[in-house]
file input_24.cif (mmCIF, C-alpha atoms)
data_structure
loop_
_atom_site.label_atom_id
_atom_site.label_comp_id
_atom_site.auth_asym_id
_atom_site.auth_seq_id
_atom_site.Cartn_x
_atom_site.Cartn_y
_atom_site.Cartn_z
CA MET A 1 49.53 40.92 13.59
CA ALA A 2 47.26 38.14 14.89
CA PRO A 3 47.83 34.47 14.00
CA VAL A 4 45.73 33.05 11.17
CA ILE A 5 44.77 29.55 10.10
CA SER A 6 47.05 28.50 7.25
CA LYS A 7 46.09 24.81 6.89
CA ILE A 8 43.19 22.59 7.94
CA TYR A 9 43.50 18.79 8.01
CA ILE A 10 41.23 15.93 8.90
CA TYR A 11 42.10 12.25 9.08
CA PRO A 12 38.91 10.31 8.32
CA ILE A 13 40.68 7.01 9.08
CA LYS A 14 42.92 7.07 12.14
CA SER A 15 46.61 6.74 11.14
CA CYS A 16 45.85 7.05 7.42
CA LYS A 17 46.69 9.94 5.10
CA ALA A 18 45.55 13.48 5.86
CA LEU A 19 42.83 15.19 3.87
CA GLU A 20 43.53 18.89 3.42
CA LEU A 21 40.55 21.25 3.44
CA THR A 22 40.01 24.96 2.93
CA GLU A 23 37.20 24.92 5.48
CA SER A 24 35.61 22.50 7.90
CA GLN A 25 32.43 22.25 9.88
CA LEU A 26 32.50 21.20 13.50
CA SER A 27 30.91 18.07 14.93
CA LYS A 28 30.59 16.56 18.38
CA TYR A 29 34.00 14.92 17.77
CA GLY A 30 35.83 18.10 16.72
CA LEU A 31 36.18 18.64 12.97
CA LEU A 32 33.55 16.92 10.84
CA HIS A 33 34.54 13.39 9.67
CA ASP A 34 37.82 13.48 11.60
CA ARG A 35 39.04 10.07 12.86
CA VAL A 36 35.64 8.39 12.74
CA PHE A 37 36.97 5.28 10.97
CA LEU A 38 39.50 2.88 12.48
CA VAL A 39 41.47 -0.17 11.35
CA VAL A 40 41.62 -2.92 13.98
CA ASP A 41 43.25 -6.28 14.55
CA PRO A 42 40.32 -8.75 14.38
CA ALA A 43 42.01 -11.13 16.84
CA THR A 44 42.28 -8.56 19.63
CA ASN A 45 39.96 -5.78 18.40
CA LYS A 46 42.73 -3.31 19.23
CA GLN A 47 43.57 -0.34 17.03
CA ARG A 48 46.15 -0.64 14.27
CA THR A 49 48.23 2.51 13.85
CA MET A 50 51.10 3.85 11.78
CA ARG A 51 53.37 3.48 14.81
CA GLU A 52 53.58 -0.24 14.05
CA LEU A 53 52.45 -0.14 10.41
CA PRO A 54 53.93 3.03 8.86
CA MET A 55 52.41 2.34 5.44
CA MET A 56 48.99 3.07 6.91
CA SER A 57 50.00 6.70 6.38
CA GLN A 58 49.85 6.15 2.62
CA ALA A 59 46.24 4.92 2.51
CA GLU A 60 44.55 7.98 1.03
CA PRO A 61 40.94 8.92 1.85
CA LYS A 62 38.87 11.20 -0.36
CA ILE A 63 35.36 12.50 0.22
CA GLU A 64 33.19 12.21 -2.88
CA GLY A 65 29.59 13.13 -2.15
CA ASP A 66 28.26 10.67 0.42
CA LYS A 67 31.14 8.24 -0.12
CA LEU A 68 34.56 7.87 1.44
CA VAL A 69 36.90 6.68 -1.29
CA ILE A 70 40.10 5.02 -0.05
CA ILE A 71 43.08 4.50 -2.35
CA ALA A 72 45.91 2.20 -1.26
CA GLY A 73 48.29 -0.18 -3.01
CA GLY A 74 46.85 0.66 -6.41
CA LYS A 75 43.33 -0.40 -5.36
CA THR A 76 40.22 1.56 -4.42
CA LEU A 77 37.58 0.98 -1.76
CA ASN A 78 34.29 2.85 -1.44
CA VAL A 79 32.40 2.99 1.86
CA PRO A 80 29.59 5.26 3.06
CA LEU A 81 30.91 8.50 4.50
CA VAL A 82 28.35 8.22 7.29
CA PRO A 83 27.41 4.54 7.51
CA ASP A 84 23.99 3.48 8.77
CA ILE A 85 25.26 1.40 11.68
CA SER A 86 22.03 -0.63 11.80
CA LYS A 87 23.12 -2.31 8.55
CA TYR A 88 26.43 -3.58 9.92
CA GLU A 89 27.57 -6.02 12.56
CA ALA A 90 28.54 -4.41 15.85
CA ARG A 91 32.13 -4.76 17.04
CA THR A 92 33.58 -3.64 20.36
CA VAL A 93 37.10 -2.28 19.92
CA THR A 94 39.87 -0.83 22.07
CA VAL A 95 41.68 2.47 21.56
CA TRP A 96 44.37 2.68 24.21
CA LYS A 97 42.43 2.06 27.44
CA ASP A 98 39.02 3.00 26.04
CA THR A 99 36.44 0.47 24.93
CA LEU A 100 34.23 1.71 22.09
CA GLU A 101 31.21 0.43 20.22
CA THR A 102 31.58 0.41 16.44
CA ALA A 103 30.07 -0.89 13.23
CA ASP A 104 32.20 -3.37 11.26
CA LEU A 105 32.11 -2.34 7.60
CA GLY A 106 32.25 -5.86 6.24
CA GLU A 107 34.35 -8.31 4.30
CA GLU A 108 35.27 -6.15 1.30
CA ALA A 109 36.74 -3.46 3.52
CA ALA A 110 38.47 -6.09 5.67
CA GLN A 111 40.05 -7.73 2.63
CA PHE A 112 41.16 -4.35 1.27
CA PHE A 113 43.11 -3.43 4.40
CA THR A 114 44.32 -6.97 5.06
CA GLU A 115 45.88 -7.15 1.60
CA TYR A 116 47.36 -3.65 1.79
CA LEU A 117 48.83 -3.96 5.28
CA GLY A 118 49.78 -7.64 5.06
CA VAL A 119 48.12 -8.47 8.39
CA PRO A 120 44.49 -9.38 9.23
CA SER A 121 42.52 -6.16 9.56
CA ARG A 122 38.97 -4.86 9.83
CA LEU A 123 37.62 -1.38 9.11
CA VAL A 124 35.14 -0.03 11.67
CA PHE A 125 33.10 3.15 12.13
CA LYS A 126 32.48 4.86 15.47
CA SER A 127 28.95 4.31 16.75
CA PRO A 128 27.27 7.68 17.30
CA ASN A 129 25.31 6.06 20.13
CA HIS A 130 28.41 5.46 22.25
CA LYS A 131 30.10 8.37 24.01
CA ARG A 132 33.86 8.62 24.52
CA PRO A 133 34.13 11.56 26.94
CA VAL A 134 37.16 13.80 27.23
CA LEU A 135 37.52 14.62 30.93
CA GLU A 136 41.15 15.14 31.83
CA HIS A 137 42.21 18.79 31.36
CA ALA A 138 39.03 19.52 29.40
CA PRO A 139 36.40 22.19 30.08
CA GLY A 140 33.38 20.78 31.88
CA VAL A 141 29.62 21.03 31.64
CA ASN A 142 29.60 24.09 33.88
CA GLU A 143 31.80 25.93 31.37
CA ILE A 144 30.53 24.83 27.96
CA GLY A 145 27.24 23.07 28.68
CA PHE A 146 28.24 19.56 27.60
CA VAL A 147 30.88 16.90 28.19
CA PRO A 148 33.43 17.02 25.35
CA GLU A 149 33.98 13.79 23.46
CA THR A 150 36.07 12.40 20.65
CA ALA A 151 35.88 9.48 18.23
CA PHE A 152 39.15 7.59 17.60
CA ALA A 153 41.65 10.41 18.20
CA ASP A 154 44.21 9.59 20.87
CA ASN A 155 42.96 12.15 23.38
CA PHE A 156 41.32 15.37 22.23
CA PRO A 157 38.99 16.60 19.48
CA ILE A 158 41.43 19.09 17.88
CA LEU A 159 45.19 19.55 17.69
CA CYS A 160 46.73 22.92 16.79
CA LEU A 161 50.32 23.69 15.77
CA SER A 162 52.08 26.77 14.41
CA GLU A 163 54.30 26.89 11.34
CA GLU A 164 56.84 28.83 13.40
CA SER A 165 57.15 25.94 15.85
CA VAL A 166 57.90 23.51 13.02
CA GLN A 167 60.47 25.92 11.61
CA ASP A 168 62.16 26.12 15.00
CA ILE A 169 62.28 22.33 15.29
CA ASN A 170 63.89 22.13 11.86
CA THR A 171 66.81 24.30 13.00
CA HIS A 172 67.79 21.34 15.19
CA LEU A 173 67.37 18.63 12.55
CA GLU A 174 69.63 17.49 9.73
CA ASN A 175 66.60 16.40 7.69
CA PRO A 176 63.70 18.89 7.90
CA ILE A 177 60.18 17.72 8.61
CA GLY A 178 56.77 19.30 8.10
CA ALA A 179 53.69 20.01 10.18
CA LEU A 180 52.07 16.80 8.91
CA ASN A 181 54.63 14.74 10.82
CA PHE A 182 52.65 15.84 13.90
CA ARG A 183 49.21 15.25 12.35
CA PRO A 184 47.55 18.53 13.43
CA ASN A 185 44.02 19.57 12.55
CA ILE A 186 44.74 23.29 12.52
CA VAL A 187 48.04 24.83 11.43
CA VAL A 188 48.47 28.53 12.15
CA SER A 189 50.98 31.12 11.01
CA GLY A 190 51.93 34.57 12.27
CA VAL A 191 52.64 33.77 15.93
CA SER A 192 55.11 36.09 17.64
CA LYS A 193 57.49 33.27 18.61
CA PRO A 194 57.85 29.50 18.20
CA PHE A 195 55.56 27.51 20.50
CA GLU A 196 53.53 30.56 21.42
CA GLU A 197 50.49 28.27 21.08
CA ASP A 198 51.62 26.54 24.30
CA GLU A 199 50.48 29.62 26.22
CA TRP A 200 46.98 29.97 24.79
CA CYS A 201 43.92 29.15 26.87
CA LEU A 202 40.87 30.86 25.36
CA VAL A 203 40.89 31.61 21.65
CA ASP A 204 38.04 32.92 19.51
CA ILE A 205 37.92 31.72 15.92
CA ASN A 206 35.15 32.88 13.62
CA GLY A 207 32.93 33.81 16.56
CA LEU A 208 33.40 30.59 18.53
CA THR A 209 35.53 30.05 21.63
CA TYR A 210 38.08 27.24 21.74
CA TYR A 211 39.60 25.98 25.00
CA PHE A 212 43.29 25.19 24.52
CA THR A 213 43.69 22.54 27.18
CA CYS A 214 47.16 20.99 27.36
CA ARG A 215 50.28 20.28 25.33
CA CYS A 216 50.37 17.17 23.17
CA THR A 217 52.92 14.58 24.29
CA ARG A 218 54.82 12.78 21.53
CA CYS A 219 55.75 9.17 20.83
CA ASP A 220 57.66 8.05 17.73
CA MET A 221 54.82 8.69 15.27
CA PRO A 222 56.49 11.89 13.94
CA ASN A 223 59.34 9.61 12.76
CA VAL A 224 57.05 8.44 9.94
CA ASP A 225 57.51 10.47 6.75
CA PRO A 226 53.95 11.39 5.70
CA ALA A 227 55.03 11.63 2.05
CA THR A 228 56.57 8.15 1.78
CA GLY A 229 55.51 6.09 4.78
CA ASN A 230 59.15 5.43 5.67
CA LYS A 231 59.90 5.43 9.39
CA ASP A 232 63.20 6.66 10.76
CA LYS A 233 64.43 4.69 13.76
CA PHE A 234 65.52 7.74 15.76
CA GLN A 235 64.52 11.11 14.26
CA PRO A 236 62.92 13.49 14.96
CA GLN A 237 61.94 11.81 18.25
CA LYS A 238 65.48 11.79 19.64
CA THR A 239 65.95 15.49 18.95
CA LEU A 240 62.48 16.37 20.24
CA GLN A 241 63.27 14.64 23.50
CA SER A 242 66.29 16.91 23.90
CA ILE A 243 64.60 20.22 23.02
CA ARG A 244 60.90 19.83 23.83
CA ARG A 245 60.77 18.01 27.16
CA VAL A 246 59.15 21.13 28.56
CA ASP A 247 56.16 19.97 30.57
CA LYS A 248 56.80 19.94 34.32
CA GLY A 249 53.76 17.87 35.13
CA LYS A 250 54.27 14.37 36.50
CA ARG A 251 52.21 12.90 33.62
CA ALA A 252 54.45 14.28 30.87
CA LYS A 253 57.86 15.19 32.21
CA TRP A 254 59.55 12.37 30.28
CA ASN A 255 57.87 13.17 26.96
CA ALA A 256 58.54 15.73 24.27
CA CYS A 257 55.57 18.04 23.67
CA VAL A 258 54.66 19.55 20.31
CA GLY A 259 51.28 21.12 19.55
CA ILE A 260 48.38 22.07 21.78
CA ASN A 261 45.09 20.21 22.24
CA ALA A 262 41.83 22.10 21.94
CA VAL A 263 38.12 21.70 22.65
CA PRO A 264 35.55 23.89 20.85
CA SER A 265 32.74 25.32 22.95
CA ALA A 266 30.05 24.10 20.53
CA HIS A 267 29.32 21.20 18.18
CA THR A 268 28.36 23.47 15.30
CA GLY A 269 30.31 26.16 13.52
CA ILE A 270 32.85 26.48 10.77
CA ILE A 271 36.53 27.30 10.44
CA ARG A 272 38.29 28.42 7.28
CA VAL A 273 41.82 28.93 6.06
CA GLY A 274 42.50 32.61 6.67
CA ASP A 275 40.44 32.84 9.86
CA VAL A 276 42.08 35.05 12.48
CA LEU A 277 42.76 33.71 15.97
CA ASP A 278 41.73 36.18 18.64
CA ILE A 279 43.71 35.20 21.76
CA LYS A 280 41.44 36.05 24.69
CA GLN A 281 43.35 34.48 27.57
CA VAL A 282 46.77 32.93 28.12
CA PHE A 283 48.00 30.49 30.74
CA GLU A 284 49.42 31.88 33.95
CA GLY A 285 52.58 30.08 35.04
CA ASP A 286 54.02 26.83 33.69
CA ARG A 287 51.66 24.73 31.66
CA GLN A 288 51.71 21.11 32.76
CA ARG A 289 49.83 17.83 32.68
CA THR A 290 48.96 17.04 36.30
CA GLY A 291 46.27 14.41 36.00
CA GLU A 292 43.64 16.80 37.33
CA GLU A 293 40.19 16.27 35.82
CA ALA A 294 39.56 19.98 35.37
CA TRP A 295 40.35 22.89 33.09
CA SER A 296 41.89 26.08 34.44
CA THR A 297 43.96 29.04 33.32
CA LYS A 298 45.79 29.00 36.62
CA ALA A 299 49.08 27.25 37.32
CA VAL A 300 48.80 24.39 39.79
CA GLU A 301 51.29 22.80 42.12
CA VAL A 302 53.19 19.86 40.62
CA GLY A 303 52.90 16.68 42.65
CA ALA A 304 55.67 14.16 43.23
#
call {"tool": "encode", "arguments": {"input": "input_24.cif", "output": "structure tokens"}}
result
Amino acid sequence: MAPVISKIYIYPIKSCKALELTESQLSKYGLLHDRVFLVVDPATNKQRTMRELPMMSQAEPKIEGDKLVIIAGGKTLNVPLVPDISKYEARTVTVWKDTLETADLGEEAAQFFTEYLGVPSRLVFKSPNHKRPVLEHAPGVNEIGFVPETAFADNFPILCLSEESVQDINTHLENPIGALNFRPNIVVSGVSKPFEEDEWCLVDINGLTYYFTCRCTRCDMPNVDPATGNKDKFQPQKTLQSIRRVDKGKRAKWNACVGINAVPSAHTGIIRVGDVLDIKQVFEGDRQRTGEEAWSTKAVEVGA
């Protein structure tokens, strides 16, 4: 039996609560409305995330018509779901090593997040006029006709994870966790073995090809309980480091890997819960992050 999509999640505001969907359209950033808003430190213009502020995970976004409704700390904020950036002050922000152009959504939004998080904060929206290309390990123009890009996600447009992989991880943990600890976009069920998704390269979903590019390396973000916002000091990161340090590439050999990053071959299309994954091609050899700026189904030599 082929794997099927069992859950679909988007995260309209990076590091805030997931929004579960039964179907999603695609956009140039992956799934529509995924990680297009960001909370930043106004002093440095750097991203704020649930790594440092676990309660960000409890700020709940809801889509109501053309509004994004955000509920946090007993208060509600409404902002346009797709802001007209010409109406807002521009702000240049930093996500890891990338510099991005954004629209600052103003004082009301800033006060809302400042009061909730207890530190000065601004809410920004990704400028559609500024590209953030995904080059490393991604398919190129010669393969899909465009340069993949993402908004405020750490690396890739889409993250996929199987239920069977989470179940396997839980056999090693005293306190079970769920798929949402890993913040995937697509959760699948019905794989033949845990972490089978690691092997996928070309997958057709609802008539569209997805390039499964590389494993997702893990920091301590999965230590945050998505239901409560509480962060465990050690788990599951400590256990993951012992059981999922599986990537032989020089870029990831010290990191646990859970989930597989993906790039769709088009900016339009739709996925639904229940869609079947047709696995067209699997990786040959050991999958690994090497630093190469190319996508291939072939194993490559690991450098020093």
call {"tool": "resolve_selection", "arguments": {"input": "input_24.cif", "expression": "the PyMOL selection byres ((chain A and resi 219) around 9)", "output": "list in words"}}
result
Arg51, Thr217, Arg218, Asp220, Met221, Pro222, Asn223, Gln237, Asn255 and Ala256 of chain A
call {"tool": "resolve_selection", "arguments": {"input": "input_24.cif", "expression": "the PyMOL selection byres ((chain A and resi 145-150) around 10)", "output": "JSON, numbers by chain"}}
result
{"A": [27, 28, 29, 30, 31, 34, 35, 36, 126, 131, 132, 133, 134, 135, 138, 139, 140, 141, 142, 143, 144, 151, 152, 153, 154, 155, 156, 157, 158, 263, 264, 265, 266, 267]}
call {"tool": "resolve_selection", "arguments": {"input": "input_24.cif", "expression": "the PyMOL selection byres ((chain A and resi 232) around 12)", "output": "PyMOL selection string"}}
result
chain A and resi 51+54+175+177+181+220-226+228-231+233-238
call {"tool": "residues_around", "arguments": {"input": "input_24.cif", "residues": "Thr213 of chain A", "least_positions_apart": "4", "cutoff": "7 Å", "atoms": "only C-alpha atoms", "output": "PyMOL selection string"}}
result
chain A and resi 137-138+201+261-262+295
call {"tool": "residues_around", "arguments": {"input": "input_24.cif", "residues": "Arg215 of chain A", "least_positions_apart": "4", "cutoff": "9 Å", "atoms": "only C-alpha atoms", "output": "list in words"}}
result
Asp198, Asp247, Cys257, Val258, Gly259, Ile260, Asn261, Arg287, Gln288 and Arg289 of chain A
call {"tool": "closest_residue", "arguments": {"input": "input_24.cif", "among": "A:Ala18, A:Leu208, A:Leu159, A:Val40", "to": "Leu117 of chain A", "atoms": "all atoms listed in the file"}}
result
A:Val40
call {"tool": "atom_distance", "arguments": {"input": "input_24.cif", "atom1": "atom CA of Leu180 of chain A", "atom2": "atom CA of Gln47 of chain A"}}
result
20.8 Å
call {"tool": "axis_aligned_box", "arguments": {"input": "input_24.cif", "around": "segment 48-55 of chain A", "padding_each_side": "8 Å", "output": "AutoDock Vina command-line options"}}
result
--center_x 50.0 --center_y 1.6 --center_z 10.1 --size_x 23.8 --size_y 20.5 --size_z 25.4
call {"tool": "closest_residue", "arguments": {"input": "input_24.cif", "among": "A:Ala2, A:Ile8, A:Ile243, A:Ala109", "to": "Pro184 of chain A", "atoms": "only C-alpha atoms"}}
result
A:Ile8
call {"tool": "closest_residue", "arguments": {"input": "input_24.cif", "among": "A:Ile270, A:Ala179, A:Cys16, A:Met56", "to": "Asn206 of chain A", "atoms": "all atoms listed in the file"}}
result
A:Ile270
call {"tool": "residues_around", "arguments": {"input": "input_24.cif", "residues": "Leu202 of chain A", "least_positions_apart": "4", "cutoff": "9 Å", "atoms": "only C-alpha atoms", "output": "number ranges by chain"}}
result
A: 209-213, 278-283, 297
call {"tool": "write_last_selection", "arguments": {"input": "input_24.cif", "atoms": "C-alpha atoms", "output": "tab-separated table (two decimals), keeping the file's coordinate frame"}}
result
chain	number	residue	atom	x	y	z
A	209	THR	CA	35.53	30.05	21.63
A	210	TYR	CA	38.08	27.24	21.74
A	211	TYR	CA	39.60	25.98	25.00
A	212	PHE	CA	43.29	25.19	24.52
A	213	THR	CA	43.69	22.54	27.18
A	278	ASP	CA	41.73	36.18	18.64
A	279	ILE	CA	43.71	35.20	21.76
A	280	LYS	CA	41.44	36.05	24.69
A	281	GLN	CA	43.35	34.48	27.57
A	282	VAL	CA	46.77	32.93	28.12
A	283	PHE	CA	48.00	30.49	30.74
A	297	THR	CA	43.96	29.04	33.32
call {"tool": "decode", "arguments": {"input": "input_24.cif", "residues": "segment 180-192 of chain A", "atoms": "all heavy atoms", "output": "CSV table (one decimal), in the first residue's frame"}}
result
chain,number,residue,atom,x,y,z
A,180,LEU,N,4.1,17.2,15.6
A,180,LEU,CA,4.2,18.7,15.6
A,180,LEU,C,5.4,19.2,16.3
A,180,LEU,O,5.8,20.3,16.2
A,180,LEU,CB,2.9,19.2,16.3
A,180,LEU,CG,1.7,19.5,15.3
A,180,LEU,CD1,0.5,19.9,16.1
A,180,LEU,CD2,2.1,20.4,14.2
A,181,ASN,N,6.1,18.3,17.1
A,181,ASN,CA,7.4,18.7,17.7
A,181,ASN,C,8.4,19.1,16.7
A,181,ASN,O,9.3,19.8,16.9
A,181,ASN,CB,7.9,17.6,18.6
A,181,ASN,CG,7.2,17.5,20.0
A,181,ASN,OD1,6.1,17.1,20.1
A,181,ASN,ND2,7.9,18.0,21.0
A,182,PHE,N,8.2,18.5,15.5
A,182,PHE,CA,9.2,18.7,14.4
A,182,PHE,C,8.7,19.7,13.3
A,182,PHE,O,9.3,19.9,12.4
A,182,PHE,CB,9.5,17.3,13.7
A,182,PHE,CG,10.0,16.3,14.7
A,182,PHE,CD1,9.3,15.3,15.2
A,182,PHE,CD2,11.4,16.4,15.1
A,182,PHE,CE1,9.8,14.4,16.1
A,182,PHE,CE2,11.9,15.5,16.0
A,182,PHE,CZ,11.1,14.5,16.5
A,183,ARG,N,7.5,20.2,13.5
A,183,ARG,CA,6.9,21.3,12.7
A,183,ARG,C,6.9,20.9,11.2
A,183,ARG,O,7.4,21.7,10.4
A,183,ARG,CB,7.6,22.6,13.0
A,183,ARG,CG,7.4,23.0,14.5
A,183,ARG,CD,8.0,24.3,14.8
A,183,ARG,NE,7.4,25.5,14.2
A,183,ARG,CZ,6.3,26.1,14.7
A,183,ARG,NH1,5.7,25.6,15.7
A,183,ARG,NH2,5.9,27.2,14.1
A,184,PRO,N,6.4,19.8,10.8
A,184,PRO,CA,6.3,19.4,9.4
A,184,PRO,C,5.2,20.2,8.7
A,184,PRO,O,4.2,20.6,9.3
A,184,PRO,CB,6.1,17.9,9.4
A,184,PRO,CG,5.2,17.7,10.7
A,184,PRO,CD,5.8,18.7,11.7
A,185,ASN,N,5.3,20.2,7.4
A,185,ASN,CA,4.1,20.7,6.6
A,185,ASN,C,3.2,19.5,6.2
A,185,ASN,O,2.0,19.6,6.1
A,185,ASN,CB,4.6,21.4,5.3
A,185,ASN,CG,5.4,22.7,5.6
A,185,ASN,OD1,6.6,22.7,5.4
A,185,ASN,ND2,4.7,23.7,6.1
A,186,ILE,N,3.9,18.4,5.8
A,186,ILE,CA,3.1,17.2,5.3
A,186,ILE,C,3.5,16.0,6.2
A,186,ILE,O,4.7,15.7,6.4
A,186,ILE,CB,3.5,16.9,3.9
A,186,ILE,CG1,3.1,18.1,2.9
A,186,ILE,CG2,2.8,15.6,3.4
A,186,ILE,CD1,3.6,17.9,1.5
A,187,VAL,N,2.5,15.4,6.8
A,187,VAL,CA,2.7,14.2,7.6
A,187,VAL,C,2.1,13.1,6.8
A,187,VAL,O,0.9,13.2,6.2
A,187,VAL,CB,2.0,14.3,9.0
A,187,VAL,CG1,2.3,12.9,9.7
A,187,VAL,CG2,2.6,15.4,9.8
A,188,VAL,N,2.8,12.0,6.6
A,188,VAL,CA,2.3,10.9,5.8
A,188,VAL,C,2.2,9.6,6.7
A,188,VAL,O,2.9,9.5,7.7
A,188,VAL,CB,3.2,10.6,4.6
A,188,VAL,CG1,3.3,11.8,3.7
A,188,VAL,CG2,4.6,10.1,5.0
A,189,SER,N,1.4,8.7,6.3
A,189,SER,CA,1.2,7.4,7.0
A,189,SER,C,1.3,6.3,5.9
A,189,SER,O,1.0,6.5,4.7
A,189,SER,CB,-0.1,7.3,7.8
A,189,SER,OG,-1.2,7.4,6.9
A,190,GLY,N,1.6,5.1,6.4
A,190,GLY,CA,1.6,3.9,5.5
A,190,GLY,C,2.9,3.6,4.8
A,190,GLY,O,2.9,2.9,3.8
A,191,VAL,N,4.0,4.2,5.4
A,191,VAL,CA,5.3,3.9,4.8
A,191,VAL,C,5.7,2.4,5.3
A,191,VAL,O,5.1,1.9,6.3
A,191,VAL,CB,6.4,4.8,5.3
A,191,VAL,CG1,6.1,6.2,4.7
A,191,VAL,CG2,6.6,4.9,6.8
A,192,SER,N,6.6,1.8,4.6
A,192,SER,CA,6.9,0.4,4.8
A,192,SER,C,7.8,0.2,6.1
A,192,SER,O,7.8,-0.9,6.6
A,192,SER,CB,7.6,-0.2,3.6
A,192,SER,OG,8.8,0.4,3.3
